[in-house]
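Okay, so here's the structure we're looking at.
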Amino acid sequence: MKKIKPAFLPAILILCLLIGSIGNLTSVLGVPALLVVVLLGAGLYFGSPRLDHLSTRQLRWGIGLGLLAMLIAQVVVLHVMPNTVYHDPYRVLSQADQLAAGHMTWDITYFWRYANNVPLAYLLSLWLRLTQLVGLSTNLSVHLLSILVLDSFIALALHTIWQLNQRASLLVVAFGFFALSPFAYTYYLQVFYSDLPTMLVLLIIIRSLLNWSQKTSRQRWFAGSGLVVAVMLGAMLKPNLVVLLPALLIVGLILARQHLWRQAKLTLPILLIVLGFGLSLPATKVIDVAANYQPRTAFSFPATNWILMGYNQHSNGGYSGKDVGRAIKQPSQAARQRYNLKTIPKRIKTLGVVGVIRLWVVKLGIVLNVQGIQRWYNGGFRAAPSWYSNHAGFYQGLTVIGYVAATLLMWGALMLKLLRWRPDLTDPHQILALLAVTTALGYLAFHTLLWEVEPRYGQAILPLLWVALAAIPCQASQSRPRWANQASLLNGATALLVAFGAAGVLGAQLPQKQVIAAQRSQLSVQYHANPKTVTPGTVLAEVVDVNAPANYFSVQIHAGSQVQVTLTNLATGQHYRLTMAGSVARLHHQLAAGQYRITVQNLTTRGQQVDVTHTYHYQLAAHPLTVNGQSQPTASLIYTCMQR
C-alpha cells in the first residue's frame with residue numbers, strides 16, 4: 001500500500017484552522033464557547049460507541065423527523081422575523097425583481113462596477129418569473145428559494161457524509177451542526193445571495209467525483225453532465241471557484257508522482273471541470289444579452305482594486321470605503337489600473353516582511369470568523385417581536401456561542417484526524433479528501449495572500465471540510481466504561497447550561513444598539529440611485545410597528561433636502577419632530593411600544609428630494625408607503641428604530 005510520508009497540506013490546514021479558532025475566541029463569549037466545545041467533545045467521545053450502534057432504521061427516522069422539525073422552525077423564523085436585506089443582496093434582489101417585471105434596464109452603476117453579480121440577478125429573475133406563473137408573491141418566492149437551496153445543501157451534505165463514512169455518530173454530529181445550530185436559521189435562511197449556492201455547487205462537484213472509477217458508463221454520463229453544469233454555474237456566480245483548478249493540478253501531480261494517476265481515473269472528470277469553466281465565459285455573455293446588460297468600463301473596477309484593499313493595513317485587508325471612493329474618482333478603468341499597480345507595491349513595501357505576514361494572519365483570522373453570522377447583510381428585523389427585543393442580548397449571545405462552538409467542534413475533530421492522517425491514495429475516498437483539503441487551502445490562500453476579506457468568505461470551505469472529515473479514515477470505535485453513557489449525557493446537559501447561562505449573563509455585555517424595527521433596503525446614493533422628487537404640498541406617510549421600547553428613530557431623507565419629518569404615536573396621538581443631520585432626520589427620545597406613523601411633508605415652494613425605495617413586486621415593509629393618501633405597497637421610506 002503506497003502512502004505519502006509528509007502530510008504537508010494537512011499540516012498547513014491545521015495551522016489555518018488554529019488561527020481561525022483563536023480568532024473566534026476573542027470576544028467576551030469566547031471562553032464559554034470554548035467550554036461548550038470541550039464539554040460537547042468529551043460527551044461525544046464517551047457517547048459515540050452508543051451512537052454507532054444505532055440501526056439504519058433508527059437513523060433514518062431520527063434524522064428524518066429532525067429535518068422536518070428544522071423545516072417547520074425555518075418557516076416560523078421567516079414568518080415571525082423577516083429581516084431587512086441590505087447592501088449587495090438587496091441590489092441583486094431589486095434588479096431581479098425589475099427584470100422579472102419585464103423592465104430590462106440597469107439603472108444604477110452597481111452592476112457596471114460589480115458585473116460578477118449580473119448572472120445571479122438574471123437567474124434569480126427567471127425563478128421569480130416561474131413562481132409568478134403559479135401566483136406566488138416575490139417575497140414568498142425568495143423565501144421558498146432560500147429554503148430549497150439551504151435544505152437541499154443540508155440533505156445532500158448529510159447523504160454525502162453517510163456515503164463516505166458509515167459511522168452513525170458522525171452523521172448525528174453533522175445533523176447537529178446543520179440543523180441544531182444557527183446555520184439553518186440565520187444568514188443562509190434569511191438572506192438569499194451567492195454564498196449558499198456556491199457552497200451547494202462545491203458539494204455537487206465533490207459528489208460528482210465520488211467513486212468515479214466505480215461508476216458505470218451511464219452513471220458517468222449523468223455525473224459528468226451535472227459536473228459541467230455545476231462548474232459553469234459556480235464560475236458565473238463566484239469567479240473565485242477557479243481555485244479548484246490549481247487544487248486539481250496539485251492533486252494530479254501527487255497522484256502522478258505516486259504512479260496512481262491511471263488507477264484514479266480522474267482524467268475525464270478533470271477535463272469536464274475545465275470544460276465547465278470554459279463554458280462559463282460564453283454563458284455569461286449569453287446572460288448579458290438576454291438581460292440587456294451592457295458593460296461600461298467607465299464605472300467598472302479592475303481586479304487589482306480588490307488586491308489593493310487586500311493590502312490596506314488600516315482596514316485589515318477588508319473592504320475599504322476610502323479605496324473605493326478613490327477608485328470612483330478615477331476617470332476610467334485604465335486609470336484605476338495604473339493607480340492600483342503603482343500603489344500596491346508601495347503598500348507592500350510600507351508593510352515590510354513582518355507587516356505582510358502579520359496582515360496575512362489577521363486576514364486569515366477574519367475570513368474564518370463566524371461570530372457575526374446573524375449580522376451578515378442583515379439590517380435588522382423589520383419588526384422584531386417583543387419577546388426577542390426584550391431579551392436580544394441573550395438571543396444574540398446564544399447565536400454566537402452556538403455557531404462558534406459548533407464550528408470549533410467540527411474543526412477540532414478534523415484537525416485531530418489531519419494530525420494522524422497519512423493519505424493512502426489507493427483509496428478513492430482519500431483522494432477526495434486530499435482534493436477537499438487542497439481546494440480549501442486554495443480558498444484561504446486566495447483571500448489571505450491576494451484578495452480582500454470578509455468573515456463570510458471563509459464559509460465557502462464548509463462543505464470541503466465536512467467531506468474531508470468524513471472521507472479521512474477514523475480509528476475503530478473502542479468500548480467505553482459503563483459510566484460513559486451517564487458521563488455523555490451529563491456533559492451534554494452541562495454544555496447547554498453553560499451556553500444558556502453565558503448567553504444570559506454575558507449577552508448583556510454585547511453592543512447595546514439593538515434594532516427594534518427597520519427598513520434599510522436601498523440602492524444607495526453611491527451607486528447613483530435616483531431619489532424621489534416630492535412636489536410642494538406632498539405628504540409621504542408610512543406606519544411602523546414598534547414592538548418594544550426604543551429611544552432612537554431615524555429616517556433617511558436626502559442631502560440638502562428641506563422637508564419636515566414627524567413621528568406620531570397612533571395610540572396616543574403624540575407627535576415628535578425629527579431634526580435633520582446631513583441626509584438623515586433623527587429623533588433621540590424614549591418611545592413606548594406601539595404603532596407609529598412617519599410623516600414627511602414638503603412645506604416649501606419647490607420640489608424636494610427624498611430617498612424612497614421602490615420595487616415592482618417585492619414588499620419591503622409590513623405597511624405601504626402612502627403619497628397624498630394613495631397607497632404604494634411596494635414602496636417604502638428608509639428608516640431605523642433602535643434601542644441604544
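Labeling convention for the C-alpha cells: chains A, B, ... as they appear, residues from 1 per chain, ligands from 1 in order of appearance.
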### Long-range neighbours of range 322-334 of chain A as a ChimeraX atom specification, 8 Å cut-off, only C-alpha atoms, 4 positions minimum in chain
/A:297-302,305,308-309,338
Residue selection dump (all heavy atoms) as a JSON list (two decimals), in the first residue's frame:
[["chain", "number", "residue", "atom", "x", "y", "z"],
["A", 297, "THR", "N", -17.07, 50.37, -19.04],
["A", 297, "THR", "CA", -15.75, 50.39, -18.41],
["A", 297, "THR", "C", -15.50, 51.67, -17.62],
["A", 297, "THR", "O", -14.62, 51.69, -16.76],
["A", 297, "THR", "CB", -14.66, 50.21, -19.47],
["A", 297, "THR", "OG1", -14.79, 51.24, -20.46],
["A", 297, "THR", "CG2", -14.77, 48.85, -20.15],
["A", 298, "ALA", "N", -16.25, 52.71, -17.92],
["A", 298, "ALA", "CA", -16.06, 53.96, -17.17],
["A", 298, "ALA", "C", -16.36, 53.77, -15.69],
["A", 298, "ALA", "O", -15.84, 54.49, -14.84],
["A", 298, "ALA", "CB", -16.95, 55.06, -17.74],
["A", 299, "PHE", "N", -17.22, 52.78, -15.37],
["A", 299, "PHE", "CA", -17.59, 52.54, -13.98],
["A", 299, "PHE", "C", -16.94, 51.28, -13.40],
["A", 299, "PHE", "O", -16.88, 51.13, -12.18],
["A", 299, "PHE", "CB", -19.12, 52.39, -13.86],
["A", 299, "PHE", "CG", -19.87, 53.63, -14.25],
["A", 299, "PHE", "CD1", -20.43, 53.75, -15.51],
["A", 299, "PHE", "CD2", -20.04, 54.67, -13.35],
["A", 299, "PHE", "CE1", -21.12, 54.88, -15.87],
["A", 299, "PHE", "CE2", -20.74, 55.82, -13.71],
["A", 299, "PHE", "CZ", -21.28, 55.93, -14.97],
["A", 300, "SER", "N", -16.49, 50.36, -14.24],
["A", 300, "SER", "CA", -16.03, 49.06, -13.75],
["A", 300, "SER", "C", -14.69, 49.16, -13.04],
["A", 300, "SER", "O", -13.87, 50.02, -13.33],
["A", 300, "SER", "CB", -15.92, 48.08, -14.92],
["A", 300, "SER", "OG", -15.02, 48.55, -15.89],
["A", 301, "PHE", "N", -14.52, 48.26, -12.09],
["A", 301, "PHE", "CA", -13.27, 48.18, -11.32],
["A", 301, "PHE", "C", -12.42, 47.03, -11.84],
["A", 301, "PHE", "O", -12.95, 45.93, -12.06],
["A", 301, "PHE", "CB", -13.57, 47.92, -9.84],
["A", 301, "PHE", "CG", -14.07, 49.12, -9.08],
["A", 301, "PHE", "CD1", -14.28, 50.34, -9.70],
["A", 301, "PHE", "CD2", -14.34, 49.01, -7.73],
["A", 301, "PHE", "CE1", -14.74, 51.43, -8.99],
["A", 301, "PHE", "CE2", -14.80, 50.10, -7.00],
["A", 301, "PHE", "CZ", -15.01, 51.32, -7.64],
["A", 302, "PRO", "N", -11.13, 47.24, -12.01],
["A", 302, "PRO", "CA", -10.25, 46.11, -12.37],
["A", 302, "PRO", "C", -10.05, 45.21, -11.16],
["A", 302, "PRO", "O", -10.28, 45.61, -10.01],
["A", 302, "PRO", "CB", -8.95, 46.81, -12.78],
["A", 302, "PRO", "CG", -8.96, 48.10, -12.02],
["A", 302, "PRO", "CD", -10.39, 48.52, -11.94],
["A", 305, "ASN", "N", -8.29, 46.24, -7.86],
["A", 305, "ASN", "CA", -8.93, 47.01, -6.79],
["A", 305, "ASN", "C", -9.09, 46.17, -5.53],
["A", 305, "ASN", "O", -8.93, 46.66, -4.41],
["A", 305, "ASN", "CB", -10.31, 47.52, -7.24],
["A", 305, "ASN", "CG", -10.27, 48.98, -7.63],
["A", 305, "ASN", "OD1", -9.95, 49.30, -8.77],
["A", 305, "ASN", "ND2", -10.56, 49.86, -6.69],
["A", 308, "LEU", "N", -5.71, 45.66, -3.99],
["A", 308, "LEU", "CA", -5.34, 46.90, -3.29],
["A", 308, "LEU", "C", -5.96, 46.93, -1.90],
["A", 308, "LEU", "O", -5.27, 47.24, -0.91],
["A", 308, "LEU", "CB", -5.80, 48.11, -4.11],
["A", 308, "LEU", "CG", -5.47, 49.49, -3.54],
["A", 308, "LEU", "CD1", -3.98, 49.78, -3.67],
["A", 308, "LEU", "CD2", -6.29, 50.57, -4.25],
["A", 309, "MET", "N", -7.25, 46.61, -1.81],
["A", 309, "MET", "CA", -7.90, 46.58, -0.50],
["A", 309, "MET", "C", -7.33, 45.47, 0.37],
["A", 309, "MET", "O", -7.25, 45.60, 1.60],
["A", 309, "MET", "CB", -9.41, 46.41, -0.67],
["A", 309, "MET", "CG", -10.11, 47.65, -1.24],
["A", 309, "MET", "SD", -11.92, 47.55, -1.18],
["A", 309, "MET", "CE", -12.23, 46.37, -2.49],
["A", 338, "ARG", "N", -3.82, 51.72, -13.49],
["A", 338, "ARG", "CA", -2.49, 52.34, -13.34],
["A", 338, "ARG", "C", -2.25, 52.74, -11.88],
["A", 338, "ARG", "O", -1.16, 52.53, -11.34],
["A", 338, "ARG", "CB", -2.38, 53.56, -14.26],
["A", 338, "ARG", "CG", -2.26, 53.23, -15.74],
["A", 338, "ARG", "CD", -1.83, 54.45, -16.53],
["A", 338, "ARG", "NE", -2.82, 55.53, -16.45],
["A", 338, "ARG", "CZ", -3.83, 55.67, -17.29],
["A", 338, "ARG", "NH1", -4.01, 54.81, -18.28],
["A", 338, "ARG", "NH2", -4.68, 56.68, -17.16]]
### Query
Taking the backbone alone, and naming residues the way the document does, which bits of range 386-545 of chain A are helix (DSSP H, G or I) by DSSP, as an MDAnalysis selection string?
chainID A and resid 386:389 392:420 428:450 455:471 484:509 525:527
#### Entry: Close residues, range 452-458 of chain A itself excluded, 7 Å, only C-alpha atoms, min 2 positions apart in chain, as a ChimeraX atom specification
/A:306-307,309-310,317-319,363,366-370,447,460-461
### Message
Give me the residues near Leu409 in chain A as a list in words, where near means some atom within 10 Å (using only C-alpha atoms) and where sequence neighbours in that chain fewer than 6 positions away do not count.
### Response
Ser21, Ala33, Leu34, Val36, Val37, Val38, Leu40, Gly41, Val173, Phe177, Tyr403 and Met415 of chain A
Would you mind exporting the chosen residues as a PDB file, in the first residue's frame, restricted to C-alpha atoms?
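Below you can see again-v2.pdb, which holds the result:
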ATOM      1  CA  SER A  21     -10.115  29.129  16.145  1.00  0.00           C
ATOM      2  CA  ALA A  33     -17.893  28.891  23.634  1.00  0.00           C
ATOM      3  CA  LEU A  34     -14.619  27.057  24.244  1.00  0.00           C
ATOM      4  CA  VAL A  36     -19.065  24.266  25.413  1.00  0.00           C
ATOM      5  CA  VAL A  37     -16.722  22.782  22.787  1.00  0.00           C
ATOM      6  CA  VAL A  38     -14.750  20.890  25.452  1.00  0.00           C
ATOM      7  CA  LEU A  40     -19.568  18.526  23.902  1.00  0.00           C
ATOM      8  CA  GLY A  41     -16.339  16.993  22.632  1.00  0.00           C
ATOM      9  CA  VAL A 173     -22.885  15.231  14.779  1.00  0.00           C
ATOM     10  CA  PHE A 177     -24.184  21.123  13.185  1.00  0.00           C
ATOM     11  CA  TYR A 403     -22.322  28.679  15.946  1.00  0.00           C
ATOM     12  CA  MET A 415      -7.656  18.697  12.995  1.00  0.00           C
TER      13      MET A 415
END
### Message
Report, in Å to a single decimal, how far apart CA of Asp88 in chain A and CA of Leu156 in chain A are.
### Response
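Distance between the two atoms: 27.5 Å.
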### Message
Neighbouring residues of Gly176 in chain A were defined as those with any atom within 12 Å, considering only C-alpha atoms; residues of the same chain fewer than 2 positions away were excluded. Please report them as a list in words.
### Response
Leu40, Leu44, Gly62, Ile63, Gly66, Leu67, Met70, Ile154, Leu158, Ser169, Leu170, Leu171, Val172, Val173, Ala174, Phe178, Ala179, Leu180, Ser181, Pro182, Phe183, Ala184, Gly402, Tyr403, Ala405, Ala406, Thr407, Leu409 and Met410 of chain A
### Query
If you run DSSP on this backbone, which residues of range 208-442 of chain A come out as strand (DSSP E), and could you give them as a PyMOL selection string?
chain A and resi 378-381
Selection export as a CSV table (one decimal), in the first residue's frame, atoms kept: all heavy atoms:
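Written file, result_28.csv:
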chain,number,residue,atom,x,y,z
A,378,ASN,N,-27.7,41.7,7.2
A,378,ASN,CA,-29.0,41.8,7.9
A,378,ASN,C,-29.0,43.2,8.5
A,378,ASN,O,-28.3,43.5,9.5
A,378,ASN,CB,-29.1,40.7,9.0
A,378,ASN,CG,-30.4,40.8,9.7
A,378,ASN,OD1,-31.2,41.7,9.5
A,378,ASN,ND2,-30.6,39.8,10.6
A,379,GLY,N,-29.9,44.0,8.0
A,379,GLY,CA,-30.0,45.4,8.5
A,379,GLY,C,-30.9,45.5,9.8
A,379,GLY,O,-31.2,46.6,10.2
A,380,GLY,N,-31.3,44.3,10.3
A,380,GLY,CA,-32.2,44.3,11.4
A,380,GLY,C,-33.5,43.7,11.0
A,380,GLY,O,-33.9,43.8,9.9
A,381,PHE,N,-34.3,43.2,12.0
A,381,PHE,CA,-35.6,42.6,11.6
A,381,PHE,C,-36.5,43.8,11.3
A,381,PHE,O,-36.4,44.9,11.9
A,381,PHE,CB,-36.1,41.8,12.8
A,381,PHE,CG,-35.3,40.6,13.1
A,381,PHE,CD1,-34.7,40.5,14.4
A,381,PHE,CD2,-35.1,39.6,12.2
A,381,PHE,CE1,-33.9,39.4,14.7
A,381,PHE,CE2,-34.3,38.5,12.4
A,381,PHE,CZ,-33.7,38.4,13.7
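The nearest approach to Phe553 in chain A among the residues A:Leu603, A:Ile638, A:Val92, A:Val76, with only C-alpha atoms taken into account, belongs to A:Ile638.
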### Message
So that I can see what lies close to range 232-248 of chain A, please list as a ChimeraX atom specification the residues with an atom at most 10 Å from it, counting only C-alpha atoms and leaving out residues fewer than 2 positions away in the same chain.
### Response
/A:116-121,123,193-195,197-202,205,226-230,250-254,266,270,273-284,434-447,451,460
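Computed from the coordinates, the CA of Gln58 in chain A to CA of His159 in chain A distance equals 15.4 Å.
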### Query
Which distance in Å separates CA of Pro633 in chain A and CA of Val544 in chain A, to one decimal?
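These two atoms are separated by 13.5 Å.
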### Task
Extract, using only C-alpha atoms, all DNA, RNA and protein residues at most 12 Å from Ser27 in chain A, discarding same-chain residues fewer than 5 positions from it, and format them as a PyMOL selection string.
chain A and resi 21-22+32-34+369-372+397+400-401+404+506-507+509-511
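Distances to Gly537 in chain A were evaluated for A:Leu465, A:Ala499, A:Val600, A:Ala592 using only C-alpha atoms, and the minimum falls at A:Val600.
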### Message
Here is a test: counting only C-alpha atoms, which residue of A:Val539, A:Ala168, A:Leu133, A:Ile516 is nearest to Gln630 in chain A?
### Response
A:Val539
### Message
For a quick check of understanding, using only C-alpha atoms, which of A:Val361, A:Ala433, A:Leu490, A:Val498 has the smallest distance to Arg207 in chain A?
### Response
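Using only C-alpha atoms, Arg207 in chain A sits closest to A:Ala433.
Nearest residue to Ala96 in chain A among A:Gln609, A:Thr615, A:Thr26, A:Ser217 is A:Thr615, counting only C-alpha atoms.
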